[in-house]
$ cat entry.pdb   # PDB, C-alpha atoms, pLDDT in the B column
ATOM      1  CA  MET A  17       9.292 -13.078   9.228  1.00 62.00           C
ATOM      2  CA  LEU A  18      12.136 -11.877   6.988  1.00 66.00           C
ATOM      3  CA  ARG A  19      11.159 -10.302   3.690  1.00 72.00           C
ATOM      4  CA  ARG A  20      14.149  -8.180   2.707  1.00 60.00           C
ATOM      5  CA  GLY A  21      17.113  -9.798   1.040  1.00 54.00           C
ATOM      6  CA  ALA A  22      14.840 -11.957  -1.092  1.00 55.00           C
ATOM      7  CA  GLY A  23      15.097  -9.808  -4.212  1.00 62.00           C
ATOM      8  CA  GLY A  24      13.418  -6.716  -2.843  1.00 73.00           C
ATOM      9  CA  ARG A  25      10.169  -7.934  -1.320  1.00 84.00           C
ATOM     10  CA  ALA A  26       8.822  -4.993   0.683  1.00 87.00           C
ATOM     11  CA  SER A  27       7.822  -5.153   4.376  1.00 89.00           C
ATOM     12  CA  HIS A  28       4.087  -4.945   3.749  1.00 91.00           C
ATOM     13  CA  ASP A  29       4.015  -7.420   0.866  1.00 91.00           C
ATOM     14  CA  VAL A  30       3.435 -10.574   2.886  1.00 89.00           C
ATOM     15  CA  GLY A  31       0.791 -12.422   0.843  1.00 90.00           C
ATOM     16  CA  GLY A  32       1.465 -16.148   1.076  1.00 88.00           C
ATOM     17  CA  LEU A  33       3.937 -15.972   3.960  1.00 88.00           C
ATOM     18  CA  GLU A  34       3.221 -17.865   7.175  1.00 86.00           C
ATOM     19  CA  PHE A  35       1.875 -15.402   9.754  1.00 84.00           C
ATOM     20  CA  GLY A  36      -0.595 -17.634  11.573  1.00 86.00           C
ATOM     21  CA  PRO A  37      -4.359 -17.084  11.747  1.00 90.00           C
ATOM     22  CA  ILE A  38      -5.934 -13.645  11.260  1.00 87.00           C
ATOM     23  CA  ASP A  39      -7.874 -12.111  14.173  1.00 87.00           C
ATOM     24  CA  ARG A  40     -11.264 -11.446  12.567  1.00 92.00           C
ATOM     25  CA  HIS A  41     -12.968  -9.954  15.623  1.00 93.00           C
ATOM     26  CA  GLU A  42     -14.555  -6.545  15.163  1.00 90.00           C
ATOM     27  CA  HIS A  43     -13.211  -3.960  17.594  1.00 87.00           C
ATOM     28  CA  ASP A  44     -14.107  -0.414  18.527  1.00 93.00           C
ATOM     29  CA  LEU A  45     -11.883   2.335  17.219  1.00 95.00           C
ATOM     30  CA  ALA A  46     -10.233   4.675  19.694  1.00 95.00           C
ATOM     31  CA  LEU A  47     -10.874   8.410  19.287  1.00 95.00           C
ATOM     32  CA  TRP A  48      -7.320   9.001  18.028  1.00 93.00           C
ATOM     33  CA  GLU A  49      -7.845   6.332  15.362  1.00 96.00           C
ATOM     34  CA  LYS A  50     -11.001   8.036  14.102  1.00 97.00           C
ATOM     35  CA  ARG A  51      -9.148  11.360  14.098  1.00 97.00           C
ATOM     36  CA  THR A  52      -6.321   9.821  12.092  1.00 96.00           C
ATOM     37  CA  ASP A  53      -8.828   8.621   9.526  1.00 96.00           C
ATOM     38  CA  ALA A  54     -10.441  12.070   9.338  1.00 97.00           C
ATOM     39  CA  MET A  55      -7.062  13.779   9.008  1.00 95.00           C
ATOM     40  CA  LEU A  56      -6.096  11.627   6.054  1.00 95.00           C
ATOM     41  CA  ILE A  57      -9.392  12.348   4.286  1.00 95.00           C
ATOM     42  CA  LEU A  58      -9.002  16.103   4.815  1.00 96.00           C
ATOM     43  CA  LEU A  59      -5.350  16.209   3.748  1.00 95.00           C
ATOM     44  CA  ARG A  60      -6.066  14.473   0.452  1.00 93.00           C
ATOM     45  CA  ASP A  61      -9.206  16.395  -0.537  1.00 93.00           C
ATOM     46  CA  ASN A  62      -9.290  18.652  -3.604  1.00 91.00           C
ATOM     47  CA  LYS A  63      -8.849  21.790  -1.509  1.00 92.00           C
ATOM     48  CA  ARG A  64      -5.679  20.646   0.241  1.00 89.00           C
ATOM     49  CA  ARG A  65      -4.089  17.899  -1.884  1.00 89.00           C
ATOM     50  CA  VAL A  66      -1.265  17.564   0.650  1.00 90.00           C
ATOM     51  CA  LEU A  67      -1.074  13.849   0.060  1.00 91.00           C
ATOM     52  CA  SER A  68      -2.513  11.067  -2.052  1.00 93.00           C
ATOM     53  CA  VAL A  69      -3.516   7.541  -1.126  1.00 94.00           C
ATOM     54  CA  ASP A  70      -0.525   6.369  -3.146  1.00 96.00           C
ATOM     55  CA  ALA A  71       1.932   8.602  -1.279  1.00 96.00           C
ATOM     56  CA  HIS A  72       0.355   7.399   1.973  1.00 96.00           C
ATOM     57  CA  ARG A  73       0.819   3.789   0.880  1.00 96.00           C
ATOM     58  CA  ARG A  74       4.426   4.484  -0.144  1.00 95.00           C
ATOM     59  CA  MET A  75       5.179   5.890   3.313  1.00 95.00           C
ATOM     60  CA  ILE A  76       3.526   2.937   5.076  1.00 95.00           C
ATOM     61  CA  GLU A  77       5.432   0.510   2.875  1.00 93.00           C
ATOM     62  CA  SER A  78       8.746   2.231   3.642  1.00 90.00           C
ATOM     63  CA  TYR A  79       8.654   0.996   7.230  1.00 89.00           C
ATOM     64  CA  GLY A  80      11.279  -1.578   8.151  1.00 86.00           C
ATOM     65  CA  GLU A  81       9.745  -4.996   8.727  1.00 88.00           C
ATOM     66  CA  GLN A  82      10.372  -5.050  12.489  1.00 88.00           C
ATOM     67  CA  GLU A  83       8.486  -1.774  12.948  1.00 90.00           C
ATOM     68  CA  TYR A  84       5.925  -2.855  10.389  1.00 91.00           C
ATOM     69  CA  ASP A  85       5.144  -6.051  12.283  1.00 90.00           C
ATOM     70  CA  ARG A  86       4.914  -4.520  15.747  1.00 90.00           C
ATOM     71  CA  THR A  87       2.784  -1.467  14.921  1.00 92.00           C
ATOM     72  CA  THR A  88      -0.995  -1.428  14.513  1.00 92.00           C
ATOM     73  CA  TYR A  89      -3.000  -0.363  11.471  1.00 94.00           C
ATOM     74  CA  TYR A  90      -3.621   3.227  12.604  1.00 95.00           C
ATOM     75  CA  GLU A  91      -0.157   3.595  14.095  1.00 95.00           C
ATOM     76  CA  LYS A  92       1.123   3.003  10.564  1.00 96.00           C
ATOM     77  CA  TRP A  93      -1.407   5.527   9.247  1.00 96.00           C
ATOM     78  CA  ILE A  94      -0.561   8.318  11.693  1.00 95.00           C
ATOM     79  CA  ARG A  95       3.171   7.821  11.153  1.00 95.00           C
ATOM     80  CA  ALA A  96       2.669   8.087   7.388  1.00 96.00           C
ATOM     81  CA  VAL A  97       0.521  11.235   7.737  1.00 96.00           C
ATOM     82  CA  ARG A  98       3.097  12.804  10.069  1.00 96.00           C
ATOM     83  CA  ASN A  99       6.034  11.961   7.796  1.00 96.00           C
ATOM     84  CA  LEU A 100       4.227  13.203   4.678  1.00 96.00           C
ATOM     85  CA  LEU A 101       3.404  16.506   6.386  1.00 96.00           C
ATOM     86  CA  VAL A 102       7.161  16.947   6.871  1.00 97.00           C
ATOM     87  CA  GLU A 103       7.990  15.728   3.358  1.00 96.00           C
ATOM     88  CA  GLN A 104       5.482  18.183   1.859  1.00 95.00           C
ATOM     89  CA  GLU A 105       6.840  20.971   4.078  1.00 96.00           C
ATOM     90  CA  VAL A 106       3.540  21.657   5.832  1.00 96.00           C
ATOM     91  CA  LEU A 107       5.172  21.156   9.227  1.00 97.00           C
ATOM     92  CA  THR A 108       8.763  20.578  10.321  1.00 97.00           C
ATOM     93  CA  ARG A 109       9.924  17.652  12.388  1.00 96.00           C
ATOM     94  CA  GLU A 110      11.006  20.128  15.089  1.00 97.00           C
ATOM     95  CA  GLU A 111       7.531  21.670  15.226  1.00 98.00           C
ATOM     96  CA  ILE A 112       5.887  18.272  15.579  1.00 95.00           C
ATOM     97  CA  GLU A 113       8.305  17.081  18.251  1.00 94.00           C
ATOM     98  CA  ALA A 114       7.982  20.337  20.207  1.00 96.00           C
ATOM     99  CA  ARG A 115       4.183  19.999  20.182  1.00 95.00           C
ATOM    100  CA  MET A 116       4.412  16.350  21.228  1.00 92.00           C
ATOM    101  CA  ALA A 117       6.557  17.346  24.226  1.00 92.00           C
ATOM    102  CA  GLU A 118       4.068  20.078  25.112  1.00 94.00           C
ATOM    103  CA  VAL A 119       1.086  17.702  24.990  1.00 91.00           C
ATOM    104  CA  ARG A 120       2.944  15.039  26.944  1.00 90.00           C
ATOM    105  CA  ALA A 121       3.818  17.560  29.684  1.00 92.00           C
ATOM    106  CA  ARG A 122       0.214  18.764  29.841  1.00 93.00           C
ATOM    107  CA  HIS A 123      -1.048  15.208  30.292  1.00 90.00           C
ATOM    108  CA  GLN A 124       1.536  14.439  32.960  1.00 90.00           C
ATOM    109  CA  LYS A 125       0.667  17.603  34.869  1.00 93.00           C
ATOM    110  CA  ALA A 126      -2.993  16.614  34.850  1.00 93.00           C
ATOM    111  CA  GLY A 127      -2.068  13.165  36.142  1.00 91.00           C
ATOM    112  CA  ARG A 128      -3.159  11.443  32.944  1.00 88.00           C
ATOM    113  CA  LYS A 129      -1.283   8.539  31.471  1.00 81.00           C
ATOM    114  CA  ALA A 130       0.737   9.409  28.400  1.00 75.00           C
ATOM    115  CA  ALA A 131       2.103   6.876  25.930  1.00 73.00           C
ATOM    116  CA  LYS A 132       5.596   5.747  26.938  1.00 69.00           C
ATOM    117  CA  GLU A 133       7.083   5.991  23.481  1.00 73.00           C
ATOM    118  CA  THR A 134       6.459   7.746  20.226  1.00 75.00           C
ATOM    119  CA  ILE A 135       6.052   6.001  16.896  1.00 81.00           C
ATOM    120  CA  PRO A 136       9.453   5.823  15.189  1.00 83.00           C
ATOM    121  CA  TRP A 137       9.911   8.093  12.180  1.00 84.00           C
TER     122      TRP A 137
ATOM    123  CA  MET B   8      -7.688   5.266  -8.198  1.00 61.00           C
ATOM    124  CA  VAL B   9      -7.487   8.258 -10.470  1.00 61.00           C
ATOM    125  CA  LYS B  10      -9.002   7.807 -13.902  1.00 64.00           C
ATOM    126  CA  ALA B  11      -6.918   9.103 -16.808  1.00 61.00           C
ATOM    127  CA  GLU B  12      -7.578   9.539 -20.529  1.00 59.00           C
ATOM    128  CA  THR B  13      -8.187   6.201 -22.196  1.00 56.00           C
ATOM    129  CA  SER B  14      -5.228   4.997 -24.201  1.00 60.00           C
ATOM    130  CA  ARG B  15      -4.705   1.944 -26.383  1.00 85.00           C
ATOM    131  CA  CYS B  16      -4.833  -1.410 -24.635  1.00 94.00           C
ATOM    132  CA  ARG B  17      -1.991  -3.830 -25.279  1.00 96.00           C
ATOM    133  CA  PHE B  18      -4.044  -6.822 -24.136  1.00 96.00           C
ATOM    134  CA  ALA B  19      -7.657  -7.933 -24.513  1.00 95.00           C
ATOM    135  CA  PRO B  20      -9.807 -10.324 -22.473  1.00 96.00           C
ATOM    136  CA  GLY B  21      -8.649 -13.895 -23.117  1.00 97.00           C
ATOM    137  CA  HIS B  22      -5.010 -12.936 -23.728  1.00 97.00           C
ATOM    138  CA  LYS B  23      -2.454 -15.016 -21.856  1.00 98.00           C
ATOM    139  CA  VAL B  24      -0.047 -12.861 -19.892  1.00 98.00           C
ATOM    140  CA  ARG B  25       2.771 -13.190 -17.400  1.00 98.00           C
ATOM    141  CA  VAL B  26       3.388 -10.773 -14.527  1.00 98.00           C
ATOM    142  CA  ALA B  27       6.873  -9.284 -14.732  1.00 97.00           C
ATOM    143  CA  SER B  28       9.306 -10.830 -12.308  1.00 93.00           C
ATOM    144  CA  ARG B  29      11.169  -7.748 -11.207  1.00 89.00           C
ATOM    145  CA  PRO B  30      11.751  -5.929  -7.962  1.00 85.00           C
ATOM    146  CA  ALA B  31      10.267  -2.474  -7.431  1.00 85.00           C
ATOM    147  CA  VAL B  32      11.597   0.557  -5.613  1.00 83.00           C
ATOM    148  CA  GLY B  33       9.015   2.617  -3.770  1.00 86.00           C
ATOM    149  CA  HIS B  34       5.271   2.080  -4.037  1.00 93.00           C
ATOM    150  CA  CYS B  35       3.950  -0.584  -6.372  1.00 93.00           C
ATOM    151  CA  ARG B  36       0.597  -2.353  -6.482  1.00 95.00           C
ATOM    152  CA  THR B  37       1.756  -5.659  -7.943  1.00 96.00           C
ATOM    153  CA  PRO B  38       1.886  -8.209  -5.114  1.00 95.00           C
ATOM    154  CA  TRP B  39       5.067 -10.225  -4.701  1.00 93.00           C
ATOM    155  CA  TYR B  40       3.282 -13.561  -4.782  1.00 95.00           C
ATOM    156  CA  LEU B  41       2.075 -12.888  -8.357  1.00 97.00           C
ATOM    157  CA  ARG B  42       5.417 -11.839  -9.844  1.00 95.00           C
ATOM    158  CA  GLY B  43       6.443 -14.179 -12.628  1.00 96.00           C
ATOM    159  CA  LYS B  44       3.040 -15.953 -12.583  1.00 97.00           C
ATOM    160  CA  ALA B  45       1.026 -16.681 -15.730  1.00 98.00           C
ATOM    161  CA  GLY B  46      -2.631 -15.740 -16.033  1.00 98.00           C
ATOM    162  CA  VAL B  47      -5.397 -14.729 -18.433  1.00 98.00           C
ATOM    163  CA  VAL B  48      -6.831 -11.237 -18.905  1.00 98.00           C
ATOM    164  CA  ALA B  49     -10.429 -11.339 -17.654  1.00 98.00           C
ATOM    165  CA  GLU B  50     -11.453  -7.695 -18.004  1.00 96.00           C
ATOM    166  CA  ILE B  51     -10.172  -4.208 -18.782  1.00 96.00           C
ATOM    167  CA  HIS B  52     -10.950  -1.802 -15.947  1.00 96.00           C
ATOM    168  CA  GLY B  53      -9.842   1.347 -17.759  1.00 95.00           C
ATOM    169  CA  THR B  54      -6.895   3.726 -17.737  1.00 95.00           C
ATOM    170  CA  PHE B  55      -5.671   5.233 -14.514  1.00 95.00           C
ATOM    171  CA  ARG B  56      -2.875   7.537 -13.427  1.00 96.00           C
ATOM    172  CA  ASN B  57       0.201   5.515 -12.524  1.00 96.00           C
ATOM    173  CA  PRO B  58       0.199   4.977  -8.735  1.00 97.00           C
ATOM    174  CA  GLU B  59       3.967   4.411  -8.730  1.00 96.00           C
ATOM    175  CA  GLN B  60       4.375   8.063  -9.733  1.00 96.00           C
ATOM    176  CA  LEU B  61       1.410   9.453  -7.789  1.00 95.00           C
ATOM    177  CA  ALA B  62       3.163   8.050  -4.724  1.00 96.00           C
ATOM    178  CA  TYR B  63       5.905  10.648  -5.271  1.00 96.00           C
ATOM    179  CA  HIS B  64       3.474  13.568  -5.771  1.00 94.00           C
ATOM    180  CA  LYS B  65       3.899  13.382  -9.565  1.00 95.00           C
ATOM    181  CA  PRO B  66       0.968  13.542 -12.069  1.00 94.00           C
ATOM    182  CA  GLY B  67       1.179   9.844 -12.953  1.00 95.00           C
ATOM    183  CA  LEU B  68       0.842  10.444 -16.701  1.00 94.00           C
ATOM    184  CA  PRO B  69       0.624   8.847 -19.181  1.00 91.00           C
ATOM    185  CA  GLY B  70      -2.053   6.713 -17.574  1.00 94.00           C
ATOM    186  CA  GLN B  71      -1.676   2.948 -17.343  1.00 95.00           C
ATOM    187  CA  VAL B  72      -4.332   0.466 -18.429  1.00 97.00           C
ATOM    188  CA  LEU B  73      -5.505  -1.641 -15.500  1.00 97.00           C
ATOM    189  CA  TYR B  74      -6.549  -5.235 -16.144  1.00 98.00           C
ATOM    190  CA  LYS B  75      -8.317  -7.828 -14.076  1.00 98.00           C
ATOM    191  CA  VAL B  76      -6.135 -10.910 -14.516  1.00 98.00           C
ATOM    192  CA  ARG B  77      -7.214 -14.428 -13.583  1.00 98.00           C
ATOM    193  CA  PHE B  78      -4.681 -16.882 -12.163  1.00 98.00           C
ATOM    194  CA  ALA B  79      -5.105 -20.571 -11.374  1.00 97.00           C
ATOM    195  CA  GLN B  80      -4.514 -21.086  -7.644  1.00 97.00           C
ATOM    196  CA  ALA B  81      -2.277 -24.040  -8.499  1.00 96.00           C
ATOM    197  CA  GLU B  82      -0.119 -21.672 -10.584  1.00 95.00           C
ATOM    198  CA  ILE B  83       0.414 -19.394  -7.590  1.00 96.00           C
ATOM    199  CA  TRP B  84       0.861 -21.832  -4.705  1.00 94.00           C
ATOM    200  CA  ALA B  85       3.187 -24.785  -5.115  1.00 89.00           C
ATOM    201  CA  ARG B  86       1.296 -27.001  -2.653  1.00 90.00           C
ATOM    202  CA  TYR B  87      -2.267 -25.870  -3.354  1.00 94.00           C
ATOM    203  CA  GLU B  88      -4.720 -28.486  -2.079  1.00 94.00           C
ATOM    204  CA  GLY B  89      -8.060 -26.995  -3.149  1.00 95.00           C
ATOM    205  CA  HIS B  90     -10.101 -27.758  -6.255  1.00 95.00           C
ATOM    206  CA  ALA B  91      -8.220 -27.859  -9.552  1.00 91.00           C
ATOM    207  CA  GLY B  92     -10.490 -25.169 -11.042  1.00 93.00           C
ATOM    208  CA  ASP B  93      -9.959 -22.633  -8.240  1.00 98.00           C
ATOM    209  CA  HIS B  94      -8.659 -19.289  -9.368  1.00 97.00           C
ATOM    210  CA  LEU B  95      -7.794 -15.845  -8.076  1.00 97.00           C
ATOM    211  CA  GLU B  96      -8.358 -12.486  -9.759  1.00 98.00           C
ATOM    212  CA  ALA B  97      -6.087  -9.514  -9.249  1.00 98.00           C
ATOM    213  CA  ASP B  98      -5.847  -6.009 -10.716  1.00 98.00           C
ATOM    214  CA  ILE B  99      -2.540  -5.555 -12.539  1.00 98.00           C
ATOM    215  CA  TYR B 100      -1.325  -2.514 -14.469  1.00 98.00           C
ATOM    216  CA  GLU B 101      -0.208  -2.935 -18.071  1.00 97.00           C
ATOM    217  CA  HIS B 102       3.465  -2.107 -17.472  1.00 97.00           C
ATOM    218  CA  TRP B 103       3.649  -5.148 -15.196  1.00 98.00           C
ATOM    219  CA  LEU B 104       2.321  -7.556 -17.841  1.00 98.00           C
ATOM    220  CA  GLU B 105       4.182  -9.386 -20.595  1.00 98.00           C
ATOM    221  CA  PRO B 106       2.551 -11.321 -23.460  1.00 98.00           C
ATOM    222  CA  LEU B 107       2.661 -15.099 -23.083  1.00 94.00           C
ATOM    223  CA  LYS B 108       2.717 -17.223 -26.201  1.00 79.00           C
TER     224      LYS B 108
END
$ encode --input "entry.pdb" --output "structure tokens"
Amino acid sequence: MLRRGAGGRASHDVGGLEFGPIDRHEHDLALWEKRTDAMLILLRDNKRRVLSVDAHRRMIESYGEQEYDRTTYYEKWIRAVRNLLVEQEVLTREEIEARMAEVRARHQKAGRKAAKETIPW
Amino acid sequence: MVKAETSRCRFAPGHKVRVASRPAVGHCRTPWYLRGKAGVVAEIHGTFRNPEQLAYHKPGLPGQVLYKVRFAQAEIWARYEGHAGDHLEADIYEHWLEPLK
């Protein structure tokens, strides 16, 4: 559902729009989702202070609405963590992409299924 | 939320207020569906660092007073079909509120 063009309504700010019923079923979290959660907690603690909840929200809210609507909760989280690590100059985009390629190759070599696509920046 | 030094409050419980009807660039915690809507201050939560600045790795000072504001559901939704007395409460920062006479 289109949000932009209506005076600056952001992608995430959908309260009151028609999106159909909400799926209220509980579901188990995948390991990578739990790790994403842990990473965010560690990166915002008093020792590291790499990011804040507000910066994390800002990054999530900066997603275009098409990407916003087709990605899951933790996909939005991990993208925001990744992008903030680059913004805060902890890692470079090149370093992250090189490591992604390395991990993907390792999985393929071992005959494991790797995700077909990466989450758009 | 990050608590900041308490500053003076522009509004008190019972005051009629209107949420500013303006767009925002970057992070902002005022939902779109409440912009321009009239409500009543129900409670003062305290003073907190401004999340709109914290979102850009800034200190977020001076702090902003955060209010719990009560809105009639019929004020928010044009075709609201529930009870006339139904209301909704939302946390709104002071710089998003205007006095309503």
$ closest_residue --input "entry.pdb" --among "A:His28, A:Arg122, A:Arg86, A:Lys63" --to "chain B" --atoms "all atoms listed in the file"
A:His28
$ interface_residues --input "entry.pdb" --of "chain A" --to "chain B" --cutoff "6 Å" --atoms "all atoms listed in the file" --output "PDB file with C-alpha atoms, in the frame of the given file"
ATOM      1  CA  GLY A  24      13.418  -6.716  -2.843  1.00 73.00           C
ATOM      2  CA  ASP A  70      -0.525   6.369  -3.146  1.00 96.00           C
ATOM      3  CA  ALA A  71       1.932   8.602  -1.279  1.00 96.00           C
ATOM      4  CA  ARG A  74       4.426   4.484  -0.144  1.00 95.00           C
TER       5      ARG A  74
END
$ resolve_selection --input "entry.pdb" --expression "the PyMOL selection byres ((chain A and resi 103) around 12)" --output "number ranges by chain"
A: 66-67, 71-72, 75, 96-102, 104-109, 137; B: 63-64
$ atom_distance --input "entry.pdb" --atom1 "atom CA of Ile99 of chain B" --atom2 "atom CA of Arg86 of chain B"
23.9 Å
$ closest_residue --input "entry.pdb" --among "B:Leu107, B:Ala45, B:Ile51, B:Val26" --to "Leu73 of chain B" --atoms "only C-alpha atoms"
B:Ile51
$ closest_residue --input "entry.pdb" --among "A:Leu59, A:Met116, A:Leu45, A:Val30" --to "Tyr89 of chain A" --atoms "all atoms listed in the file"
A:Leu45
$ closest_residue --input "entry.pdb" --among "A:Ile94, A:Glu113, A:Glu118, A:Ser27" --to "Leu56 of chain A" --atoms "only C-alpha atoms"
A:Ile94
$ residues_around --input "entry.pdb" --residues "Cys16 of chain B" --least-positions-apart "3" --cutoff "10 Å" --atoms "only C-alpha atoms" --output "JSON, numbers by chain"
{"B": [13, 19, 51, 53, 54, 71, 72, 73, 74, 101]}
$ atom_distance --input "entry.pdb" --atom1 "atom CA of Gly70 of chain B" --atom2 "atom CA of Leu95 of chain B"
25.1 Å
$ atom_distance --input "entry.pdb" --atom1 "atom CA of His102 of chain B" --atom2 "atom CA of Ala26 of chain A"
19.1 Å
$ closest_residue --input "entry.pdb" --among "A:Gln82, A:Ser68, A:Asn62, A:Thr52" --to "Pro66 of chain B" --atoms "all atoms listed in the file"
A:Ser68
$ closest_residue --input "entry.pdb" --among "B:His90, B:Arg42, B:Lys108, B:Lys23" --to "Val76 of chain B" --atoms "all atoms listed in the file"
B:Lys23
$ resolve_selection --input "entry.pdb" --expression "the PyMOL selection byres ((chain B and resi 94) around 6)" --output "list in words"
Phe78, Ala79, Gln80, Asp93 and Leu95 of chain B
$ resolve_selection --input "entry.pdb" --expression "the PyMOL selection byres ((chain A and resi 135) around 8)" --output "JSON, numbers by chain"
{"A": [91, 95, 133, 134, 136, 137]}
$ decode --input "entry.pdb" --residues "segment 22-43 of chain B" --atoms "C-alpha atoms" --output "PDB file, in the first residue's frame"
ATOM      1  CA  HIS B  22      -4.846  20.527  29.082  1.00  0.00           C
ATOM      2  CA  LYS B  23      -6.352  20.287  25.612  1.00  0.00           C
ATOM      3  CA  VAL B  24      -3.699  19.871  22.950  1.00  0.00           C
ATOM      4  CA  ARG B  25      -3.387  19.232  19.241  1.00  0.00           C
ATOM      5  CA  VAL B  26      -0.666  17.100  17.653  1.00  0.00           C
ATOM      6  CA  ALA B  27       1.303  19.098  15.096  1.00  0.00           C
ATOM      7  CA  SER B  28       0.353  18.321  11.535  1.00  0.00           C
ATOM      8  CA  ARG B  29       3.762  18.348   9.936  1.00  0.00           C
ATOM      9  CA  PRO B  30       5.921  15.883   8.080  1.00  0.00           C
ATOM     10  CA  ALA B  31       9.149  14.635   9.644  1.00  0.00           C
ATOM     11  CA  VAL B  32      12.490  13.772   8.111  1.00  0.00           C
ATOM     12  CA  GLY B  33      14.294  10.837   9.674  1.00  0.00           C
ATOM     13  CA  HIS B  34      13.183   9.101  12.856  1.00  0.00           C
ATOM     14  CA  CYS B  35      10.159  10.406  14.713  1.00  0.00           C
ATOM     15  CA  ARG B  36       7.907   8.747  17.274  1.00  0.00           C
ATOM     16  CA  THR B  37       4.697  10.616  16.490  1.00  0.00           C
ATOM     17  CA  PRO B  38       2.450   8.289  14.475  1.00  0.00           C
ATOM     18  CA  TRP B  39       0.975   9.618  11.249  1.00  0.00           C
ATOM     19  CA  TYR B  40      -2.585   8.766  12.211  1.00  0.00           C
ATOM     20  CA  LEU B  41      -2.411  11.170  15.191  1.00  0.00           C
ATOM     21  CA  ARG B  42      -1.008  14.186  13.342  1.00  0.00           C
ATOM     22  CA  GLY B  43      -3.400  17.105  13.522  1.00  0.00           C
TER      23      GLY B  43
END
